[in-house]
>>> print(open('upload_38.txt').read())   # compact mmCIF, N, CA and C atoms
# COMPACT_ATOMS: atom_id res chain seq x y z
N MET I 22 -15.71 -17.58 -20.05
CA MET I 22 -16.57 -16.42 -20.01
C MET I 22 -16.16 -15.48 -21.14
N THR I 23 -17.13 -15.01 -21.87
CA THR I 23 -16.82 -14.11 -22.97
C THR I 23 -17.07 -12.67 -22.55
N ILE I 24 -16.21 -11.81 -23.00
CA ILE I 24 -16.31 -10.38 -22.72
C ILE I 24 -16.65 -9.69 -24.04
N SER I 25 -17.63 -8.84 -24.00
CA SER I 25 -18.03 -8.15 -25.22
C SER I 25 -17.11 -6.95 -25.48
N ILE I 26 -17.11 -6.50 -26.72
CA ILE I 26 -16.34 -5.32 -27.10
C ILE I 26 -16.83 -4.11 -26.31
N LYS I 27 -18.14 -4.07 -26.07
CA LYS I 27 -18.73 -2.96 -25.31
C LYS I 27 -18.14 -2.90 -23.90
N GLU I 28 -17.97 -4.07 -23.27
CA GLU I 28 -17.40 -4.12 -21.93
C GLU I 28 -15.92 -3.70 -21.95
N VAL I 29 -15.21 -4.09 -22.99
CA VAL I 29 -13.81 -3.68 -23.12
C VAL I 29 -13.73 -2.17 -23.28
N GLU I 30 -14.61 -1.61 -24.08
CA GLU I 30 -14.64 -0.15 -24.27
C GLU I 30 -14.92 0.55 -22.95
N HIS I 31 -15.84 -0.01 -22.16
CA HIS I 31 -16.18 0.58 -20.86
C HIS I 31 -14.96 0.57 -19.93
N VAL I 32 -14.27 -0.56 -19.87
CA VAL I 32 -13.07 -0.66 -19.03
C VAL I 32 -12.00 0.31 -19.53
N ALA I 33 -11.87 0.43 -20.85
CA ALA I 33 -10.88 1.35 -21.42
C ALA I 33 -11.18 2.79 -21.04
N VAL I 34 -12.45 3.15 -21.03
CA VAL I 34 -12.83 4.52 -20.62
C VAL I 34 -12.48 4.73 -19.16
N LEU I 35 -12.78 3.75 -18.32
CA LEU I 35 -12.45 3.88 -16.89
C LEU I 35 -10.95 3.99 -16.66
N ALA I 36 -10.17 3.28 -17.48
CA ALA I 36 -8.72 3.31 -17.34
C ALA I 36 -8.08 4.42 -18.17
N ARG I 37 -8.93 5.20 -18.83
CA ARG I 37 -8.46 6.31 -19.69
C ARG I 37 -7.48 5.81 -20.76
N LEU I 38 -7.89 4.72 -21.43
CA LEU I 38 -7.09 4.16 -22.51
C LEU I 38 -7.79 4.40 -23.83
N GLN I 39 -7.01 4.62 -24.85
CA GLN I 39 -7.55 4.73 -26.20
C GLN I 39 -7.11 3.49 -26.96
N LEU I 40 -8.07 2.63 -27.30
CA LEU I 40 -7.76 1.37 -27.96
C LEU I 40 -8.20 1.40 -29.42
N LYS I 41 -7.42 0.75 -30.25
CA LYS I 41 -7.80 0.56 -31.65
C LYS I 41 -8.75 -0.63 -31.72
N GLU I 42 -9.42 -0.79 -32.86
CA GLU I 42 -10.41 -1.87 -33.00
C GLU I 42 -9.77 -3.24 -32.81
N ASN I 43 -8.58 -3.46 -33.40
CA ASN I 43 -7.96 -4.78 -33.25
C ASN I 43 -7.50 -5.02 -31.81
N GLU I 44 -7.15 -3.96 -31.09
CA GLU I 44 -6.77 -4.09 -29.68
C GLU I 44 -7.99 -4.44 -28.83
N LYS I 45 -9.13 -3.90 -29.16
CA LYS I 45 -10.34 -4.21 -28.40
C LYS I 45 -10.66 -5.70 -28.47
N GLU I 46 -10.53 -6.28 -29.64
CA GLU I 46 -10.79 -7.72 -29.80
C GLU I 46 -9.75 -8.54 -29.03
N LYS I 47 -8.50 -8.12 -29.12
CA LYS I 47 -7.43 -8.83 -28.42
C LYS I 47 -7.65 -8.79 -26.91
N TYR I 48 -7.99 -7.60 -26.39
CA TYR I 48 -8.20 -7.47 -24.94
C TYR I 48 -9.47 -8.18 -24.49
N ALA I 49 -10.45 -8.27 -25.35
CA ALA I 49 -11.66 -9.02 -25.00
C ALA I 49 -11.31 -10.49 -24.80
N ARG I 50 -10.46 -11.05 -25.65
CA ARG I 50 -10.03 -12.45 -25.49
C ARG I 50 -9.19 -12.61 -24.21
N HIS I 51 -8.28 -11.68 -23.99
CA HIS I 51 -7.41 -11.78 -22.81
C HIS I 51 -8.22 -11.65 -21.51
N MET I 52 -9.12 -10.69 -21.47
CA MET I 52 -9.93 -10.52 -20.27
C MET I 52 -10.82 -11.73 -20.04
N GLY I 53 -11.33 -12.30 -21.11
CA GLY I 53 -12.15 -13.50 -21.00
C GLY I 53 -11.36 -14.67 -20.42
N SER I 54 -10.11 -14.84 -20.87
CA SER I 54 -9.30 -15.94 -20.34
C SER I 54 -8.96 -15.72 -18.87
N VAL I 55 -8.73 -14.48 -18.48
CA VAL I 55 -8.45 -14.19 -17.07
C VAL I 55 -9.68 -14.51 -16.22
N LEU I 56 -10.84 -14.12 -16.69
CA LEU I 56 -12.06 -14.39 -15.93
C LEU I 56 -12.38 -15.88 -15.88
N GLN I 57 -12.03 -16.64 -16.92
CA GLN I 57 -12.21 -18.09 -16.87
C GLN I 57 -11.32 -18.70 -15.80
N TYR I 58 -10.09 -18.21 -15.70
CA TYR I 58 -9.18 -18.72 -14.67
C TYR I 58 -9.70 -18.39 -13.28
N VAL I 59 -10.18 -17.17 -13.08
CA VAL I 59 -10.74 -16.79 -11.78
C VAL I 59 -11.94 -17.65 -11.45
N ASP I 60 -12.74 -17.99 -12.47
CA ASP I 60 -13.90 -18.85 -12.24
C ASP I 60 -13.45 -20.24 -11.79
N LYS I 61 -12.33 -20.75 -12.33
CA LYS I 61 -11.79 -22.03 -11.87
C LYS I 61 -11.40 -21.94 -10.40
N LEU I 62 -10.79 -20.82 -10.01
CA LEU I 62 -10.40 -20.64 -8.61
C LEU I 62 -11.62 -20.60 -7.69
N ASN I 63 -12.71 -20.02 -8.18
CA ASN I 63 -13.93 -19.95 -7.37
C ASN I 63 -14.54 -21.33 -7.15
N GLN I 64 -14.21 -22.29 -7.99
CA GLN I 64 -14.78 -23.64 -7.85
C GLN I 64 -14.03 -24.49 -6.83
N LEU I 65 -12.85 -24.02 -6.39
CA LEU I 65 -12.07 -24.79 -5.42
C LEU I 65 -12.75 -24.83 -4.06
N ASP I 66 -12.61 -25.97 -3.38
CA ASP I 66 -13.16 -26.12 -2.03
C ASP I 66 -12.16 -25.51 -1.04
N THR I 67 -12.52 -24.40 -0.43
CA THR I 67 -11.65 -23.74 0.54
C THR I 67 -12.20 -23.85 1.96
N GLU I 68 -13.08 -24.79 2.18
CA GLU I 68 -13.65 -24.99 3.51
C GLU I 68 -12.55 -25.44 4.46
N GLY I 69 -12.41 -24.77 5.57
CA GLY I 69 -11.41 -25.13 6.56
C GLY I 69 -10.03 -24.53 6.31
N VAL I 70 -9.88 -23.75 5.26
CA VAL I 70 -8.60 -23.11 4.97
C VAL I 70 -8.63 -21.71 5.56
N GLU I 71 -7.68 -21.43 6.45
CA GLU I 71 -7.66 -20.11 7.07
C GLU I 71 -7.12 -19.07 6.10
N PRO I 72 -7.66 -17.86 6.14
CA PRO I 72 -7.12 -16.79 5.29
C PRO I 72 -5.66 -16.51 5.64
N LEU I 73 -4.87 -16.15 4.64
CA LEU I 73 -3.45 -15.92 4.84
C LEU I 73 -3.16 -14.43 4.71
N ASP I 74 -2.62 -13.83 5.77
CA ASP I 74 -2.24 -12.42 5.73
C ASP I 74 -0.86 -12.24 5.12
N HIS I 75 0.08 -13.09 5.55
CA HIS I 75 1.46 -13.00 5.08
C HIS I 75 1.97 -14.41 4.83
N ILE I 76 2.90 -14.53 3.92
CA ILE I 76 3.49 -15.84 3.63
C ILE I 76 4.37 -16.29 4.79
N LEU I 77 5.15 -15.36 5.32
CA LEU I 77 6.05 -15.68 6.43
C LEU I 77 5.44 -15.21 7.74
N PRO I 78 5.81 -15.82 8.85
CA PRO I 78 5.29 -15.35 10.14
C PRO I 78 5.77 -13.93 10.43
N VAL I 79 4.87 -13.09 10.86
CA VAL I 79 5.19 -11.70 11.13
C VAL I 79 5.13 -11.49 12.65
N PHE I 80 6.14 -10.82 13.16
CA PHE I 80 6.15 -10.53 14.59
C PHE I 80 6.72 -9.15 14.80
N ASN I 81 6.44 -8.59 15.95
CA ASN I 81 6.90 -7.25 16.28
C ASN I 81 8.37 -7.30 16.65
N VAL I 82 9.19 -6.54 15.93
CA VAL I 82 10.63 -6.55 16.18
C VAL I 82 11.06 -5.41 17.10
N PHE I 83 10.13 -4.62 17.57
CA PHE I 83 10.47 -3.50 18.43
C PHE I 83 10.60 -3.97 19.87
N ARG I 84 11.43 -3.29 20.63
CA ARG I 84 11.60 -3.64 22.03
C ARG I 84 10.42 -3.10 22.84
N GLU I 85 10.28 -3.62 24.02
CA GLU I 85 9.26 -3.12 24.93
C GLU I 85 9.63 -1.72 25.41
N ASP I 86 8.65 -0.89 25.65
CA ASP I 86 8.92 0.44 26.20
C ASP I 86 9.42 0.30 27.63
N GLN I 87 10.42 1.09 27.97
CA GLN I 87 10.96 1.07 29.32
C GLN I 87 10.96 2.50 29.86
N VAL I 88 10.45 2.66 31.05
CA VAL I 88 10.42 3.97 31.68
C VAL I 88 11.80 4.26 32.25
N LYS I 89 12.36 5.41 31.87
CA LYS I 89 13.67 5.82 32.35
C LYS I 89 13.56 7.25 32.85
N PRO I 90 14.44 7.64 33.73
CA PRO I 90 14.39 9.03 34.20
C PRO I 90 14.72 9.98 33.05
N ALA I 91 14.10 11.15 33.09
CA ALA I 91 14.32 12.15 32.04
C ALA I 91 15.75 12.67 32.10
N SER I 92 16.25 13.12 30.96
CA SER I 92 17.59 13.69 30.90
C SER I 92 17.59 15.06 31.58
N ASN I 93 18.74 15.45 32.03
CA ASN I 93 18.90 16.73 32.68
C ASN I 93 18.80 17.84 31.63
N ARG I 94 17.94 18.83 31.88
CA ARG I 94 17.70 19.90 30.91
C ARG I 94 18.96 20.69 30.61
N GLU I 95 19.75 20.95 31.62
CA GLU I 95 20.98 21.72 31.42
C GLU I 95 21.97 20.97 30.52
N GLU I 96 22.03 19.65 30.67
CA GLU I 96 22.91 18.85 29.81
C GLU I 96 22.46 18.91 28.35
N ILE I 97 21.18 18.84 28.15
CA ILE I 97 20.63 18.87 26.79
C ILE I 97 20.88 20.24 26.16
N LEU I 98 20.58 21.31 26.89
CA LEU I 98 20.75 22.65 26.35
C LEU I 98 22.22 23.04 26.19
N ALA I 99 23.12 22.32 26.86
CA ALA I 99 24.54 22.61 26.72
C ALA I 99 25.04 22.33 25.30
N ASN I 100 24.34 21.50 24.55
CA ASN I 100 24.73 21.17 23.17
C ASN I 100 24.18 22.17 22.15
N ALA I 101 23.29 23.04 22.58
CA ALA I 101 22.66 23.97 21.64
C ALA I 101 23.58 25.15 21.34
N PRO I 102 23.57 25.63 20.09
CA PRO I 102 24.41 26.79 19.78
C PRO I 102 23.87 28.06 20.44
N LEU I 103 22.54 28.21 20.53
CA LEU I 103 21.94 29.38 21.17
C LEU I 103 20.83 28.93 22.11
N VAL I 104 20.83 29.50 23.31
CA VAL I 104 19.80 29.19 24.30
C VAL I 104 19.29 30.51 24.86
N GLU I 105 17.97 30.59 25.05
CA GLU I 105 17.38 31.78 25.65
C GLU I 105 16.21 31.35 26.53
N ALA I 106 16.20 31.75 27.75
CA ALA I 106 15.13 31.45 28.71
C ALA I 106 14.90 29.95 28.85
N GLY I 107 15.98 29.17 28.86
CA GLY I 107 15.85 27.73 29.06
C GLY I 107 15.33 26.98 27.85
N GLN I 108 15.37 27.60 26.66
CA GLN I 108 14.87 26.95 25.44
C GLN I 108 15.87 27.17 24.31
N TYR I 109 15.76 26.32 23.28
CA TYR I 109 16.59 26.51 22.10
C TYR I 109 16.18 27.82 21.43
N LYS I 110 17.14 28.55 20.94
CA LYS I 110 16.84 29.75 20.18
C LYS I 110 17.27 29.49 18.73
N VAL I 111 16.32 29.71 17.82
CA VAL I 111 16.58 29.47 16.40
C VAL I 111 16.33 30.75 15.61
N PRO I 112 16.90 30.86 14.43
CA PRO I 112 16.66 32.05 13.63
C PRO I 112 15.20 32.16 13.20
N LYS I 113 14.74 33.39 13.08
CA LYS I 113 13.38 33.63 12.63
C LYS I 113 13.27 33.25 11.16
N ILE I 114 12.23 32.54 10.78
CA ILE I 114 12.09 32.06 9.41
C ILE I 114 11.23 33.00 8.57
N ILE I 115 10.17 33.50 9.11
CA ILE I 115 9.29 34.38 8.33
C ILE I 115 9.65 35.82 8.56
>>> encode(input="upload_38.txt", output="structure tokens")
Amino acid sequence: MTISIKEVEHVAVLARLQLKENEKEKYARHMGSVLQYVDKLNQLDTEGVEPLDHILPVFNVFREDQVKPASNREEILANAPLVEAGQYKVPKII
């Protein structure tokens, strides 16, 4: 597949690239070869091939949630440097 200089210029504008004239010709050849390769891939028979999400099997490594009794509020607040009305007291920021 051949790519015109006009198409290379359009892609360069979209990518915000400034290309010299010799670069435009070079990239036209390179883009054409990439598109030829993609065209070869499109010709492959993929009937019956399942899509692949990951190369390796992926599984959930997290443990199951377990319901446990809540911690005692007094024990938790005992670690706080300042407590007021049963809540943590922090310095005013604003």
>>> closest_residue(input="upload_38.txt", among="I:Ile114, I:Asn100, I:Ile24, I:Phe83", to="Gln57 of chain I", atoms="only C-alpha atoms")
I:Ile24
>>> atom_distance(input="upload_38.txt", atom1="atom CA of Ala106 of chain I", atom2="atom CA of Arg94 of chain I")
12.0 Å
>>> residues_around(input="upload_38.txt", residues="Leu98 of chain I", least_positions_apart="2", cutoff="8 Å", atoms="only C-alpha atoms", output="ChimeraX atom specification")
/I:94-96,100-101,104,107-109
>>> closest_residue(input="upload_38.txt", among="I:Leu40, I:Val34, I:Met22, I:Ala91", to="Val55 of chain I", atoms="all atoms listed in the file")
I:Met22
>>> atom_distance(input="upload_38.txt", atom1="atom CA of Glu42 of chain I", atom2="atom CA of Ser54 of chain I")
19.0 Å
>>> axis_aligned_box(input="upload_38.txt", around="segment 71-88 of chain I", padding_each_side="6 Å", output="AutoDock Vina command-line options")
--center_x 2.1 --center_y -8.6 --center_z 17.9 --size_x 31.5 --size_y 37.7 --size_z 40.6
>>> closest_residue(input="upload_38.txt", among="I:Leu77, I:Val29, I:Leu103, I:Val88", to="Lys41 of chain I", atoms="only C-alpha atoms")
I:Val29
>>> atom_distance(input="upload_38.txt", atom1="atom C of Gln64 of chain I", atom2="atom C of Met52 of chain I")
18.6 Å
>>> select_by_dssp(input="upload_38.txt", residues="segment 36-111 of chain I", states="helix (DSSP H, G or I)", output="PDB file with N, CA and C atoms, in the frame of the given file")
ATOM      1  N   GLU I  42      -9.420  -0.790 -32.860  1.00  0.00           N
ATOM      2  CA  GLU I  42     -10.410  -1.870 -33.000  1.00  0.00           C
ATOM      3  C   GLU I  42      -9.770  -3.240 -32.810  1.00  0.00           C
ATOM      4  N   ASN I  43      -8.580  -3.460 -33.400  1.00  0.00           N
ATOM      5  CA  ASN I  43      -7.960  -4.780 -33.250  1.00  0.00           C
ATOM      6  C   ASN I  43      -7.500  -5.020 -31.810  1.00  0.00           C
ATOM      7  N   GLU I  44      -7.150  -3.960 -31.090  1.00  0.00           N
ATOM      8  CA  GLU I  44      -6.770  -4.090 -29.680  1.00  0.00           C
ATOM      9  C   GLU I  44      -7.990  -4.440 -28.830  1.00  0.00           C
ATOM     10  N   LYS I  45      -9.130  -3.900 -29.160  1.00  0.00           N
ATOM     11  CA  LYS I  45     -10.340  -4.210 -28.400  1.00  0.00           C
ATOM     12  C   LYS I  45     -10.660  -5.700 -28.470  1.00  0.00           C
ATOM     13  N   GLU I  46     -10.530  -6.280 -29.640  1.00  0.00           N
ATOM     14  CA  GLU I  46     -10.790  -7.720 -29.800  1.00  0.00           C
ATOM     15  C   GLU I  46      -9.750  -8.540 -29.030  1.00  0.00           C
ATOM     16  N   LYS I  47      -8.500  -8.120 -29.120  1.00  0.00           N
ATOM     17  CA  LYS I  47      -7.430  -8.830 -28.420  1.00  0.00           C
ATOM     18  C   LYS I  47      -7.650  -8.790 -26.910  1.00  0.00           C
ATOM     19  N   TYR I  48      -7.990  -7.600 -26.390  1.00  0.00           N
ATOM     20  CA  TYR I  48      -8.200  -7.470 -24.940  1.00  0.00           C
ATOM     21  C   TYR I  48      -9.470  -8.180 -24.490  1.00  0.00           C
ATOM     22  N   ALA I  49     -10.450  -8.270 -25.350  1.00  0.00           N
ATOM     23  CA  ALA I  49     -11.660  -9.020 -25.000  1.00  0.00           C
ATOM     24  C   ALA I  49     -11.310 -10.490 -24.800  1.00  0.00           C
ATOM     25  N   ARG I  50     -10.460 -11.050 -25.650  1.00  0.00           N
ATOM     26  CA  ARG I  50     -10.030 -12.450 -25.490  1.00  0.00           C
ATOM     27  C   ARG I  50      -9.190 -12.610 -24.210  1.00  0.00           C
ATOM     28  N   HIS I  51      -8.280 -11.680 -23.990  1.00  0.00           N
ATOM     29  CA  HIS I  51      -7.410 -11.780 -22.810  1.00  0.00           C
ATOM     30  C   HIS I  51      -8.220 -11.650 -21.510  1.00  0.00           C
ATOM     31  N   MET I  52      -9.120 -10.690 -21.470  1.00  0.00           N
ATOM     32  CA  MET I  52      -9.930 -10.520 -20.270  1.00  0.00           C
ATOM     33  C   MET I  52     -10.820 -11.730 -20.040  1.00  0.00           C
ATOM     34  N   GLY I  53     -11.330 -12.300 -21.110  1.00  0.00           N
ATOM     35  CA  GLY I  53     -12.150 -13.500 -21.000  1.00  0.00           C
ATOM     36  C   GLY I  53     -11.360 -14.670 -20.420  1.00  0.00           C
ATOM     37  N   SER I  54     -10.110 -14.840 -20.870  1.00  0.00           N
ATOM     38  CA  SER I  54      -9.300 -15.940 -20.340  1.00  0.00           C
ATOM     39  C   SER I  54      -8.960 -15.720 -18.870  1.00  0.00           C
ATOM     40  N   VAL I  55      -8.730 -14.480 -18.480  1.00  0.00           N
ATOM     41  CA  VAL I  55      -8.450 -14.190 -17.070  1.00  0.00           C
ATOM     42  C   VAL I  55      -9.680 -14.510 -16.220  1.00  0.00           C
ATOM     43  N   LEU I  56     -10.840 -14.120 -16.690  1.00  0.00           N
ATOM     44  CA  LEU I  56     -12.060 -14.390 -15.930  1.00  0.00           C
ATOM     45  C   LEU I  56     -12.380 -15.880 -15.880  1.00  0.00           C
ATOM     46  N   GLN I  57     -12.030 -16.640 -16.920  1.00  0.00           N
ATOM     47  CA  GLN I  57     -12.210 -18.090 -16.870  1.00  0.00           C
ATOM     48  C   GLN I  57     -11.320 -18.700 -15.800  1.00  0.00           C
ATOM     49  N   TYR I  58     -10.090 -18.210 -15.700  1.00  0.00           N
ATOM     50  CA  TYR I  58      -9.180 -18.720 -14.670  1.00  0.00           C
ATOM     51  C   TYR I  58      -9.700 -18.390 -13.280  1.00  0.00           C
ATOM     52  N   VAL I  59     -10.180 -17.170 -13.080  1.00  0.00           N
ATOM     53  CA  VAL I  59     -10.740 -16.790 -11.780  1.00  0.00           C
ATOM     54  C   VAL I  59     -11.940 -17.650 -11.450  1.00  0.00           C
ATOM     55  N   ASP I  60     -12.740 -17.990 -12.470  1.00  0.00           N
ATOM     56  CA  ASP I  60     -13.900 -18.850 -12.240  1.00  0.00           C
ATOM     57  C   ASP I  60     -13.450 -20.240 -11.790  1.00  0.00           C
ATOM     58  N   LYS I  61     -12.330 -20.750 -12.330  1.00  0.00           N
ATOM     59  CA  LYS I  61     -11.790 -22.030 -11.870  1.00  0.00           C
ATOM     60  C   LYS I  61     -11.400 -21.940 -10.400  1.00  0.00           C
ATOM     61  N   LEU I  62     -10.790 -20.820 -10.010  1.00  0.00           N
ATOM     62  CA  LEU I  62     -10.400 -20.640  -8.610  1.00  0.00           C
ATOM     63  C   LEU I  62     -11.620 -20.600  -7.690  1.00  0.00           C
ATOM     64  N   ASN I  63     -12.710 -20.020  -8.180  1.00  0.00           N
ATOM     65  CA  ASN I  63     -13.930 -19.950  -7.370  1.00  0.00           C
ATOM     66  C   ASN I  63     -14.540 -21.330  -7.150  1.00  0.00           C
ATOM     67  N   ARG I  94      17.940  18.830  31.880  1.00  0.00           N
ATOM     68  CA  ARG I  94      17.700  19.900  30.910  1.00  0.00           C
ATOM     69  C   ARG I  94      18.960  20.690  30.610  1.00  0.00           C
ATOM     70  N   GLU I  95      19.750  20.950  31.620  1.00  0.00           N
ATOM     71  CA  GLU I  95      20.980  21.720  31.420  1.00  0.00           C
ATOM     72  C   GLU I  95      21.970  20.970  30.520  1.00  0.00           C
ATOM     73  N   GLU I  96      22.030  19.650  30.670  1.00  0.00           N
ATOM     74  CA  GLU I  96      22.910  18.850  29.810  1.00  0.00           C
ATOM     75  C   GLU I  96      22.460  18.910  28.350  1.00  0.00           C
ATOM     76  N   ILE I  97      21.180  18.840  28.150  1.00  0.00           N
ATOM     77  CA  ILE I  97      20.630  18.870  26.790  1.00  0.00           C
ATOM     78  C   ILE I  97      20.880  20.240  26.160  1.00  0.00           C
ATOM     79  N   LEU I  98      20.580  21.310  26.890  1.00  0.00           N
ATOM     80  CA  LEU I  98      20.750  22.650  26.350  1.00  0.00           C
ATOM     81  C   LEU I  98      22.220  23.040  26.190  1.00  0.00           C
TER      82      LEU I  98
END
>>> closest_residue(input="upload_38.txt", among="I:Pro102, I:Phe80, I:Ile26, I:Thr67", to="Glu46 of chain I", atoms="all atoms listed in the file")
I:Ile26
>>> closest_residue(input="upload_38.txt", among="I:Pro72, I:Lys110, I:Leu62, I:Glu28", to="Arg50 of chain I", atoms="only C-alpha atoms")
I:Glu28
